Amino acid sequence: MESTVEALSAAYQEFVAAAAGVLDAKEQSGGKKTAATDAALELFKQRWELFRVSCDQAEEFVESMKQRIGSECLVDEATGAAPARPPAASGIPPISAVRLEQMSKAVRWLVIELQHGAGAAAGAAPHPHTSAPFDARFSEDGAP
């Protein structure tokens, strides 16, 4: 990160110096177009492009850090590895990634079961897999 900031700062300083060079060249030429003003403008254009590239690189760096931090926070929240907060803050206690996957599979299974059951004729026998009630609790929950 430090190198990105230093590169951006250096590109900005060179850009500002090139802008001052254009003003100096214009002043020395009396406002007329000369080889010196053309050279100063060309240098200004180059420095402007380098500054824009440095800004783009800094922006890419910031975006990648935002995505990385967001991903890490999401994983931390899902696995319960986030810094301790009172459960009342979010209302939902943290869960492990394994448990999250188990719950996701359970929900998918229930959706499939409901879809199959919704297609059955009224009064028909229940779906063969629904003979026992589904218990959504996991061993980590602890029975009430």
# chains A, B, ... in the order shown; residues from 1 in each chain; ligands from 1

$ residues_around --residues "Phe44 of chain A" --least-positions-apart "4" --cutoff "12 Å" --atoms "only C-alpha atoms" --output "VMD selection string"
chain A and resid 11 to 23 25 37 to 40 48 to 51

$ decode --residues "segment 3-24 of chain A" --atoms "N, CA and C atoms" --output "PDB file, in the first residue's frame"
ATOM      1  N   SER A   3       3.789   1.685  -1.268  1.00  0.00           N
ATOM      2  CA  SER A   3       4.374   1.931  -2.595  1.00  0.00           C
ATOM      3  C   SER A   3       3.344   2.536  -3.541  1.00  0.00           C
ATOM      4  N   THR A   4       2.085   2.140  -3.400  1.00  0.00           N
ATOM      5  CA  THR A   4       1.023   2.697  -4.240  1.00  0.00           C
ATOM      6  C   THR A   4       0.840   4.176  -3.937  1.00  0.00           C
ATOM      7  N   VAL A   5       0.837   4.524  -2.661  1.00  0.00           N
ATOM      8  CA  VAL A   5       0.689   5.923  -2.257  1.00  0.00           C
ATOM      9  C   VAL A   5       1.893   6.739  -2.730  1.00  0.00           C
ATOM     10  N   GLU A   6       3.089   6.200  -2.583  1.00  0.00           N
ATOM     11  CA  GLU A   6       4.299   6.909  -3.023  1.00  0.00           C
ATOM     12  C   GLU A   6       4.299   7.121  -4.534  1.00  0.00           C
ATOM     13  N   ALA A   7       3.877   6.105  -5.290  1.00  0.00           N
ATOM     14  CA  ALA A   7       3.819   6.226  -6.751  1.00  0.00           C
ATOM     15  C   ALA A   7       2.800   7.279  -7.164  1.00  0.00           C
ATOM     16  N   LEU A   8       1.656   7.287  -6.506  1.00  0.00           N
ATOM     17  CA  LEU A   8       0.624   8.272  -6.808  1.00  0.00           C
ATOM     18  C   LEU A   8       1.104   9.677  -6.472  1.00  0.00           C
ATOM     19  N   SER A   9       1.757   9.824  -5.339  1.00  0.00           N
ATOM     20  CA  SER A   9       2.274  11.128  -4.925  1.00  0.00           C
ATOM     21  C   SER A   9       3.339  11.640  -5.902  1.00  0.00           C
ATOM     22  N   ALA A  10       4.240  10.748  -6.304  1.00  0.00           N
ATOM     23  CA  ALA A  10       5.293  11.144  -7.246  1.00  0.00           C
ATOM     24  C   ALA A  10       4.693  11.542  -8.594  1.00  0.00           C
ATOM     25  N   ALA A  11       3.716  10.787  -9.067  1.00  0.00           N
ATOM     26  CA  ALA A  11       3.076  11.109 -10.343  1.00  0.00           C
ATOM     27  C   ALA A  11       2.351  12.450 -10.257  1.00  0.00           C
ATOM     28  N   TYR A  12       1.732  12.726  -9.125  1.00  0.00           N
ATOM     29  CA  TYR A  12       1.047  14.002  -8.933  1.00  0.00           C
ATOM     30  C   TYR A  12       2.055  15.155  -8.948  1.00  0.00           C
ATOM     31  N   GLN A  13       3.164  14.997  -8.226  1.00  0.00           N
ATOM     32  CA  GLN A  13       4.182  16.052  -8.185  1.00  0.00           C
ATOM     33  C   GLN A  13       4.735  16.341  -9.584  1.00  0.00           C
ATOM     34  N   GLU A  14       4.977  15.284 -10.360  1.00  0.00           N
ATOM     35  CA  GLU A  14       5.480  15.460 -11.738  1.00  0.00           C
ATOM     36  C   GLU A  14       4.432  16.143 -12.607  1.00  0.00           C
ATOM     37  N   PHE A  15       3.161  15.817 -12.403  1.00  0.00           N
ATOM     38  CA  PHE A  15       2.070  16.433 -13.149  1.00  0.00           C
ATOM     39  C   PHE A  15       1.988  17.929 -12.845  1.00  0.00           C
ATOM     40  N   VAL A  16       2.066  18.281 -11.571  1.00  0.00           N
ATOM     41  CA  VAL A  16       2.011  19.685 -11.165  1.00  0.00           C
ATOM     42  C   VAL A  16       3.227  20.444 -11.706  1.00  0.00           C
ATOM     43  N   ALA A  17       4.391  19.811 -11.652  1.00  0.00           N
ATOM     44  CA  ALA A  17       5.604  20.455 -12.184  1.00  0.00           C
ATOM     45  C   ALA A  17       5.470  20.684 -13.690  1.00  0.00           C
ATOM     46  N   ALA A  18       4.886  19.719 -14.401  1.00  0.00           N
ATOM     47  CA  ALA A  18       4.690  19.873 -15.851  1.00  0.00           C
ATOM     48  C   ALA A  18       3.694  20.995 -16.139  1.00  0.00           C
ATOM     49  N   ALA A  19       2.654  21.112 -15.316  1.00  0.00           N
ATOM     50  CA  ALA A  19       1.683  22.204 -15.490  1.00  0.00           C
ATOM     51  C   ALA A  19       2.373  23.556 -15.283  1.00  0.00           C
ATOM     52  N   ALA A  20       3.224  23.641 -14.267  1.00  0.00           N
ATOM     53  CA  ALA A  20       3.976  24.885 -14.030  1.00  0.00           C
ATOM     54  C   ALA A  20       4.912  25.169 -15.204  1.00  0.00           C
ATOM     55  N   GLY A  21       5.497  24.107 -15.779  1.00  0.00           N
ATOM     56  CA  GLY A  21       6.375  24.282 -16.943  1.00  0.00           C
ATOM     57  C   GLY A  21       5.630  24.856 -18.139  1.00  0.00           C
ATOM     58  N   VAL A  22       4.389  24.451 -18.331  1.00  0.00           N
ATOM     59  CA  VAL A  22       3.580  24.997 -19.435  1.00  0.00           C
ATOM     60  C   VAL A  22       3.342  26.478 -19.198  1.00  0.00           C
ATOM     61  N   LEU A  23       2.994  26.832 -17.969  1.00  0.00           N
ATOM     62  CA  LEU A  23       2.750  28.243 -17.666  1.00  0.00           C
ATOM     63  C   LEU A  23       4.006  29.087 -17.857  1.00  0.00           C
ATOM     64  N   ASP A  24       5.142  28.549 -17.414  1.00  0.00           N
ATOM     65  CA  ASP A  24       6.411  29.266 -17.596  1.00  0.00           C
ATOM     66  C   ASP A  24       6.741  29.444 -19.071  1.00  0.00           C
TER      67      ASP A  24
END
